[in-house]
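Novice: What follows is the file input10.txt, containing compact mmCIF, C-alpha atoms:
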```
# COMPACT_ATOMS: atom_id res chain seq x y z
CA ASP A 7 94.45 95.86 108.50
CA GLN A 8 94.57 94.74 104.86
CA GLN A 9 98.29 94.49 104.24
CA ASN A 10 101.38 92.59 105.31
CA CYS A 11 104.86 93.75 106.31
CA GLY A 12 107.79 91.99 104.70
CA ASN A 13 110.22 93.39 107.28
CA ILE A 14 108.30 91.96 110.22
CA LEU A 15 108.06 88.61 108.41
CA ALA A 16 111.85 88.36 108.52
CA GLY A 17 111.75 88.60 112.31
CA VAL A 18 108.84 86.19 112.77
CA ALA A 19 110.78 83.15 111.53
CA PRO A 20 113.87 83.31 113.82
CA PHE A 21 111.63 84.27 116.76
CA ALA A 22 109.50 81.17 116.17
CA ILE A 23 112.62 78.97 116.25
CA GLU A 24 114.07 80.73 119.31
CA GLN A 25 110.78 80.23 121.20
CA GLY A 26 110.44 76.57 120.27
CA LEU A 27 107.38 77.14 118.09
CA VAL A 28 109.27 75.66 115.14
CA SER A 29 112.01 73.01 115.38
CA ALA A 30 115.31 73.67 113.64
CA THR A 31 116.02 71.25 110.80
CA ALA A 32 119.58 70.74 109.58
CA ASP A 33 121.55 73.87 108.65
CA LEU A 34 118.64 75.69 107.01
CA THR A 35 115.17 75.74 108.49
CA PRO A 36 112.11 76.65 106.41
CA VAL A 37 109.42 78.43 108.43
CA SER A 38 105.98 78.57 106.87
CA ILE A 39 104.15 81.75 107.92
CA TYR A 40 100.41 82.24 107.53
CA MET A 41 99.62 85.91 106.99
CA VAL A 42 96.21 86.50 108.53
CA ASN A 43 95.78 89.96 106.99
CA THR A 44 95.63 88.61 103.46
CA ASP A 45 94.91 84.89 104.00
CA SER A 46 98.16 83.95 102.28
CA LYS A 47 101.45 82.22 103.05
CA ALA A 48 105.16 82.91 102.92
CA THR A 49 108.11 80.68 103.68
CA ALA A 50 111.21 82.12 105.32
CA PHE A 51 114.50 80.19 105.26
CA VAL A 52 116.63 80.69 108.40
CA GLU A 53 120.22 79.56 108.93
CA THR A 54 120.28 77.16 111.89
CA PRO A 55 123.72 75.52 112.19
CA ASP A 56 123.88 73.15 115.19
CA GLY A 57 120.15 73.66 115.72
CA SER A 58 120.42 77.34 116.72
CA VAL A 59 119.53 80.51 114.83
CA ASN A 60 122.54 82.18 113.25
CA TYR A 61 122.40 85.97 113.04
CA ALA A 62 125.96 86.66 111.85
CA GLY A 63 126.76 86.76 108.16
CA THR A 64 127.78 88.80 105.15
CA ALA A 65 124.34 89.61 103.70
CA ARG A 66 123.63 93.32 103.47
CA ILE A 67 120.58 95.41 102.62
CA ASP A 68 120.67 99.05 101.57
CA GLY A 69 119.59 101.26 104.47
CA VAL A 70 120.39 98.62 107.11
CA PRO A 71 123.66 99.05 109.05
CA GLY A 72 126.13 96.20 109.13
CA THR A 73 125.90 92.69 107.68
CA HIS A 74 123.91 89.72 108.93
CA ALA A 75 122.82 86.19 108.06
CA PRO A 76 120.48 86.06 105.05
CA ILE A 77 116.79 85.22 105.43
CA ASN A 78 115.27 84.41 102.07
CA ILE A 79 111.49 84.82 101.94
CA ASN A 80 109.34 83.22 99.27
CA PHE A 81 105.85 84.69 98.95
CA GLU A 82 103.89 81.70 97.71
CA ASP A 83 100.30 82.77 97.15
CA VAL A 84 100.09 86.52 97.66
CA ALA A 85 98.93 87.46 94.15
CA GLY A 86 95.61 89.25 94.53
CA SER A 87 95.66 88.82 98.31
CA SER A 88 94.16 92.28 98.92
CA CYS A 89 92.42 93.06 95.63
CA GLY A 90 91.23 89.60 94.59
CA ALA A 91 93.43 89.36 91.50
CA LEU A 92 96.99 90.07 90.41
CA LEU A 93 95.56 92.60 87.95
CA PRO A 94 92.44 93.80 89.79
CA THR A 95 91.16 95.80 86.81
CA GLY A 96 91.85 92.89 84.45
CA ASN A 97 94.24 95.03 82.43
CA ALA A 98 98.01 95.53 82.32
CA VAL A 99 97.34 99.20 81.55
CA ASP A 100 94.43 101.52 82.36
CA ILE A 101 93.95 105.22 81.61
CA VAL A 102 93.05 107.21 84.72
CA ASN A 103 92.72 111.01 84.63
CA GLY A 104 94.50 110.90 81.28
CA VAL A 105 97.49 108.99 82.67
CA GLU A 106 98.59 105.41 81.91
CA VAL A 107 98.66 103.32 85.09
CA THR A 108 99.26 99.69 85.99
CA CYS A 109 97.24 98.52 88.98
CA ILE A 110 98.79 95.42 90.52
CA ASP A 111 98.59 93.37 93.72
CA ASN A 112 101.27 90.78 94.40
CA GLY A 113 101.29 91.07 98.16
CA MET A 114 100.76 94.83 98.21
CA PRO A 115 98.30 96.90 96.15
CA VAL A 116 100.42 99.25 94.05
CA VAL A 117 99.72 101.70 91.24
CA CYS A 118 102.67 102.00 88.85
CA LEU A 119 103.02 105.41 87.19
CA ASN A 120 105.48 106.92 84.73
CA ALA A 121 107.24 109.75 86.57
CA THR A 122 107.60 111.81 83.39
CA ASP A 123 103.79 111.94 83.05
CA PHE A 124 103.85 114.20 86.11
CA GLY A 125 106.55 116.56 84.90
CA ILE A 126 109.30 115.12 87.10
CA SER A 127 112.39 113.02 86.37
CA GLY A 128 111.76 110.34 88.97
CA TYR A 129 115.15 110.89 90.58
CA GLU A 130 114.03 113.60 93.01
CA THR A 131 114.62 113.15 96.73
CA PRO A 132 111.66 112.25 98.96
CA ALA A 133 111.82 115.77 100.44
CA GLU A 134 111.59 117.34 96.99
CA LEU A 135 108.59 115.17 96.13
CA GLU A 136 106.79 116.05 99.33
CA ALA A 137 107.36 119.76 98.67
CA ASN A 138 105.67 119.43 95.25
CA GLN A 139 102.02 119.94 96.16
CA GLU A 140 100.81 119.88 92.55
CA LEU A 141 102.42 116.46 92.11
CA ARG A 142 100.93 115.15 95.35
CA ASP A 143 97.46 116.35 94.40
CA LYS A 144 97.62 114.64 90.97
CA VAL A 145 98.90 111.38 92.46
CA GLU A 146 96.25 111.38 95.18
CA ALA A 147 93.49 112.07 92.67
CA ILE A 148 94.51 108.97 90.74
CA ARG A 149 94.74 106.92 93.94
CA LEU A 150 91.20 107.86 94.91
CA ALA A 151 89.96 107.13 91.40
CA VAL A 152 91.42 103.61 91.25
CA GLY A 153 90.32 102.50 94.70
CA GLU A 154 86.99 101.08 93.52
CA ARG A 155 88.56 99.62 90.37
CA MET A 156 91.07 97.74 92.52
CA ASN A 157 88.27 96.34 94.71
CA LEU A 158 89.54 98.34 97.67
CA GLY A 159 86.45 100.54 97.98
CA ASP A 160 86.79 104.12 99.17
CA VAL A 161 90.51 104.48 99.89
CA THR A 162 90.33 108.02 101.24
CA ASN A 163 91.32 106.89 104.73
CA LYS A 164 93.24 103.75 103.73
CA THR A 165 96.99 103.25 103.40
CA VAL A 166 96.58 101.35 100.13
CA PRO A 167 97.18 101.41 97.27
CA LYS A 168 100.77 102.62 97.34
CA MET A 169 101.68 104.94 94.46
CA SER A 170 105.00 104.19 92.76
CA LEU A 171 106.45 106.69 90.28
CA LEU A 172 108.77 104.81 87.94
CA SER A 173 111.70 105.88 85.79
CA LYS A 174 114.60 104.23 84.00
CA ALA A 175 117.22 102.69 86.27
CA LYS A 176 120.37 104.72 86.70
CA ASP A 177 122.50 102.63 89.08
CA GLY A 178 122.61 99.26 87.34
CA GLY A 179 119.14 98.03 88.32
CA LEU A 180 116.17 97.31 86.09
CA ILE A 181 113.84 100.10 87.19
CA ASN A 182 113.91 103.13 89.49
CA THR A 183 111.14 104.01 91.96
CA ARG A 184 109.80 106.86 94.06
CA THR A 185 106.90 105.68 96.19
CA PHE A 186 104.16 107.52 98.05
CA ASN A 187 103.15 105.44 101.02
CA PRO A 188 100.53 106.67 100.18
CA HIS A 189 100.83 110.32 101.30
CA ARG A 190 104.43 110.49 102.45
CA ALA A 191 107.32 109.92 100.05
CA HIS A 192 109.10 106.74 101.19
CA ASP A 193 112.84 106.96 101.87
CA ALA A 194 113.12 103.55 100.22
CA ILE A 195 110.25 101.25 99.17
CA GLY A 196 108.24 98.70 101.12
CA VAL A 197 109.26 95.06 100.77
CA LEU A 198 105.99 93.87 99.27
CA GLY A 199 105.68 97.10 97.33
CA ALA A 200 108.96 96.20 95.66
CA VAL A 201 107.59 92.73 94.90
CA SER A 202 104.53 94.22 93.20
CA VAL A 203 106.65 96.64 91.14
CA ALA A 204 108.99 93.79 90.13
CA THR A 205 105.97 91.72 89.14
CA ALA A 206 104.67 94.57 86.98
CA CYS A 207 108.00 94.54 85.14
CA MET A 208 107.22 90.95 84.11
CA LEU A 209 103.90 91.85 82.48
CA LYS A 210 104.06 92.71 78.80
CA GLY A 211 102.76 96.18 77.98
CA SER A 212 102.62 97.37 81.59
CA VAL A 213 103.87 100.81 82.58
CA ALA A 214 106.78 99.17 84.40
CA ALA A 215 107.76 96.85 81.53
CA LYS A 216 107.77 99.72 79.04
CA ILE A 217 109.97 101.89 81.24
CA ALA A 218 112.32 98.96 81.92
CA GLY A 219 112.55 98.32 78.18
CA LEU A 220 111.34 94.73 78.44
CA GLU A 221 109.68 94.07 75.10
CA GLU A 222 110.32 90.33 75.39
CA ILE A 223 109.45 89.08 78.88
CA ALA A 224 111.44 86.16 80.30
CA ASP A 225 109.67 83.59 82.47
CA SER A 226 112.29 84.00 85.19
CA LEU A 227 114.24 87.12 86.12
CA ASP A 228 116.12 88.65 89.06
CA ILE A 229 114.86 92.22 89.17
CA GLU A 230 116.74 94.98 90.95
CA VAL A 231 114.28 97.66 92.02
CA GLU A 232 116.09 100.93 92.72
CA HIS A 233 114.80 103.33 95.38
CA PRO A 234 116.13 106.55 96.98
CA THR A 235 118.57 104.77 99.29
CA GLY A 236 119.58 101.70 97.29
CA PHE A 237 117.79 98.75 95.74
CA PHE A 238 115.87 95.53 96.39
CA THR A 239 116.52 92.37 94.39
CA VAL A 240 113.37 90.33 93.75
CA GLN A 241 113.51 86.85 92.21
CA MET A 242 110.51 86.57 89.89
CA GLU A 243 108.94 83.76 87.89
CA VAL A 244 105.75 84.44 85.93
CA ASP A 245 103.80 82.20 83.56
CA ASN A 246 102.56 84.43 80.73
CA SER A 247 101.29 81.61 78.51
CA GLY A 248 97.60 82.05 79.41
CA GLU A 249 95.12 84.90 79.11
CA GLN A 250 96.11 86.16 82.56
CA PRO A 251 99.66 86.02 83.98
CA ILE A 252 100.29 83.63 86.88
CA VAL A 253 103.05 84.33 89.40
CA THR A 254 104.91 81.11 90.19
CA LYS A 255 107.65 82.64 92.37
CA SER A 256 108.37 85.93 94.10
CA ALA A 257 111.19 85.87 96.61
CA LEU A 258 113.65 88.27 98.16
CA LEU A 259 116.44 88.59 100.68
CA ARG A 260 115.97 90.06 104.15
CA THR A 261 118.01 90.00 107.36
CA ALA A 262 117.09 90.03 111.05
CA ARG A 263 118.83 89.99 114.40
CA MET A 264 117.76 89.70 118.00
CA LEU A 265 117.49 93.13 119.62
CA MET A 266 116.46 92.29 123.17
CA SER A 267 114.93 89.67 125.40
CA GLY A 268 113.36 90.13 128.83
CA SER A 269 110.56 89.44 131.26
CA VAL A 270 108.14 91.75 133.01
CA TYR A 271 106.79 90.54 136.36
CA VAL A 272 103.32 91.76 137.26
CA PRO A 273 102.26 91.58 140.95
CA GLN A 274 99.24 89.44 141.79
CA SER A 275 97.48 92.48 143.18
CA ALA A 276 97.35 94.00 139.70
CA TRP A 277 95.32 91.04 138.49
CA SER A 278 93.00 90.89 141.51
CA ASN A 279 91.91 94.49 140.97
CA THR A 280 90.71 93.86 137.39
```
Give the structure from the file, written as C-alpha cells.

Specialist:
Amino acid sequence: DQQNCGNILAGVAPFAIEQGLVSATADLTPVSIYMVNTDSKATAFVETPDGSVNYAGTARIDGVPGTHAPININFEDVAGSSCGALLPTGNAVDIVNGVEVTCIDNGMPVVCLNATDFGISGYETPAELEANQELRDKVEAIRLAVGERMNLGDVTNKTVPKMSLLSKAKDGGLINTRTFNPHRAHDAIGVLGAVSVATACMLKGSVAAKIAGLEEIADSLDIEVEHPTGFFTVQMEVDNSGEQPIVTKSALLRTARMLMSGSVYVPQSAWSNT
C-alpha cells in the first residue's frame, strides 16, 4: 500500500507501551513510529502516569463516542511521502479539465477542489453526493487526469488521491470539506487527508487558502477542518519564505482505548501437518 492511517497510528503507540516494546517515561511518553508505507516518521505522545498507559480522560473527537485520554500525533516528515513533493506538480494551483485544483501531499495525496465549480454548495450529505452521478463522473475524471502529474501513475485502481470538495466554513472552523475516498463520499474525512487539506490552507493562492479567505498566511495556525460529522483541528507550521513552502509542523489530536486482549492456543498437531 502507498498510504498511512492516522487512526491506526493512535493505537500503535499505547500498544507498544503495553507490550513492553517501548518503556514509559515520566507522565508523558513519546513513541516514535516509523511508517513503512511512506518511509516517514510520526511521534505519538501517550499519557503514562505511574508508568502505565492511561486511557481515561476528557478529550473528545467528533464521531467517536465518549471521552478518552488525548494522544497527540506529530507527523514529522510526511510532506511528499507518496508523491515525492509537498506540491507534486510544483504549483499551488493547476487547471485540470477547466477547473482550478490544488494537488498536495502532506501524508496523504489529496486534490483540493472548490465545491461551487461543480454546481454544488459543499454542504450536501454524503448520501446526496453519492447520488449525484454527474458530480462523481466529473470528480473522477479529474482524479484520473492528475494521477500522472502527482507522480502516482495510473490511479484507475488506486485509492489515492483523495478528492476533497471545499467550501466556506459554516460551524466556526476555517474550511468545510466533503471528501471522496476516492469513490465513496466519506462520512467524515481521513486523518491525514485533513492534514493535507489544512496544509493547503497555509499555501498562498491555493484553492483552499482562497476559500478560507487567507490572503495573508501566518507561519503558525490551528486549523479546524469541518466535515459532515464534525471537525478536525490540525496544528500547522509552514515556512513560506523560500520558493517552495516547507512544512515544519503538522500535528493533531487522536484518542485510543484498549478493546480486547487474549490468547489463541494452537495444538501441536496443527503445526506438524504443515

Novice: Using all atoms listed in the file, determine which residues lie at most 9 Å from stretch 121-130 of chain A, disregarding the query and same-chain residues fewer than 3 positions distant; provide the list as a PDB file with C-alpha atoms, keeping the file's coordinate frame.

Specialist:
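Just written: out-v2.pdb:
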```
ATOM      1  CA  VAL A 105      97.490 108.990  82.670  1.00  0.00           C
ATOM      2  CA  GLU A 106      98.590 105.410  81.910  1.00  0.00           C
ATOM      3  CA  ALA A 133     111.820 115.770 100.440  1.00  0.00           C
ATOM      4  CA  GLU A 134     111.590 117.340  96.990  1.00  0.00           C
ATOM      5  CA  LEU A 135     108.590 115.170  96.130  1.00  0.00           C
ATOM      6  CA  LEU A 141     102.420 116.460  92.110  1.00  0.00           C
ATOM      7  CA  LYS A 144      97.620 114.640  90.970  1.00  0.00           C
ATOM      8  CA  VAL A 145      98.900 111.380  92.460  1.00  0.00           C
ATOM      9  CA  SER A 170     105.000 104.190  92.760  1.00  0.00           C
ATOM     10  CA  LEU A 171     106.450 106.690  90.280  1.00  0.00           C
ATOM     11  CA  LEU A 172     108.770 104.810  87.940  1.00  0.00           C
ATOM     12  CA  SER A 173     111.700 105.880  85.790  1.00  0.00           C
ATOM     13  CA  LYS A 174     114.600 104.230  84.000  1.00  0.00           C
ATOM     14  CA  LYS A 176     120.370 104.720  86.700  1.00  0.00           C
ATOM     15  CA  ASN A 182     113.910 103.130  89.490  1.00  0.00           C
ATOM     16  CA  THR A 183     111.140 104.010  91.960  1.00  0.00           C
ATOM     17  CA  ARG A 184     109.800 106.860  94.060  1.00  0.00           C
ATOM     18  CA  HIS A 233     114.800 103.330  95.380  1.00  0.00           C
ATOM     19  CA  PRO A 234     116.130 106.550  96.980  1.00  0.00           C
TER      20      PRO A 234
END
```

Novice: Counting all atoms listed in the file, which residue out of A:Ser46, A:Ser226, A:Asn157, A:Thr165 sits closest to A:Asn112?

Specialist: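 Of A:Ser46, A:Ser226, A:Asn157, A:Thr165, the one nearest A:Asn112, counting all atoms listed in the file, is A:Ser46.
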
Novice: Using all atoms listed in the file, find each residue of stretch 21-56 of chain A with at least one atom at most 10 Å away from an atom of stretch 82-93 of chain A; report its shortest atom-to-atom pair and that distance in Å (one decimal), sort the rows by chain and rising residue number, and return the result as a tab-separated table.

Specialist:
```
residue	atom	partner	partner_atom	distance
A:Ser38	CA	A:Glu82	CA	9.9
A:Met41	CA	A:Val84	CA	9.4
A:Asn43	CA	A:Ser88	CA	8.6
A:Thr44	CA	A:Ser87	CA	5.2
A:Asp45	CA	A:Ser87	CA	7.0
A:Ser46	CA	A:Val84	CA	5.6
A:Lys47	CA	A:Glu82	CA	5.9
A:Ala48	CA	A:Glu82	CA	5.5
A:Thr49	CA	A:Glu82	CA	7.4
```

Novice: Around all the atoms of stretch 241-250 of chain A listed in the file, draw an axis-aligned box and extend it by 5 Å on each of the six sides; I want its centre and edge lengths in Å to one decimal, as AutoDock Vina command-line options.

Specialist:
```
--center_x 104.3 --center_y 84.2 --center_z 85.4 --size_x 28.4 --size_y 15.2 --size_z 23.7
```

Novice: Which residue is closest to A:Asn120? Choose from A:Ala75, A:Val42, A:Ser269, A:Lys216 and count all atoms listed in the file.

Specialist: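 Answer, going by the shortest atom-to-atom distance: A:Lys216.
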
Novice: What gap, in Å, lies between atom CA of A:Val240 and atom CA of A:Pro188?

Specialist: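 Between atom CA of A:Val240 and atom CA of A:Pro188 the gap works out to 21.8 Å.
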
Novice: How close does stretch 65-159 of chain A get to stretch 191-199 of chain A? List, as CSV, each residue of stretch 65-159 of chain A within 6 Å, its nearest atom pair and the distance in Å to one decimal, counting all atoms listed in the file.

Specialist:
```
residue,atom,partner,partner_atom,distance
A:Gly113,CA,A:Leu198,CA,5.6
A:Met114,CA,A:Leu198,CA,5.4
A:Pro132,CA,A:Ala191,CA,5.0
```

Novice: Could you write out that same residue set with C-alpha atoms as an mmCIF file, keeping the file's coordinate frame?

Specialist:
```cif
data_model
loop_
_atom_site.group_PDB
_atom_site.id
_atom_site.type_symbol
_atom_site.label_atom_id
_atom_site.label_comp_id
_atom_site.auth_asym_id
_atom_site.auth_seq_id
_atom_site.Cartn_x
_atom_site.Cartn_y
_atom_site.Cartn_z
ATOM 1 C CA GLY A 113 101.290 91.070 98.160
ATOM 2 C CA MET A 114 100.760 94.830 98.210
ATOM 3 C CA PRO A 132 111.660 112.250 98.960
#
```

Novice: Could you please determine the separation between atom CA of A:Gly236 and atom CA of A:Leu150 in Å, to one decimal place?

Specialist: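 These two atoms are separated by 29.1 Å.
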
Novice: Restricting the calculation to only C-alpha atoms: of A:Ile79, A:Val166, A:Val70, A:Leu258, which residue gets closest to A:Val37?

Specialist: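 Smallest separation from A:Val37 among the options: A:Ile79.
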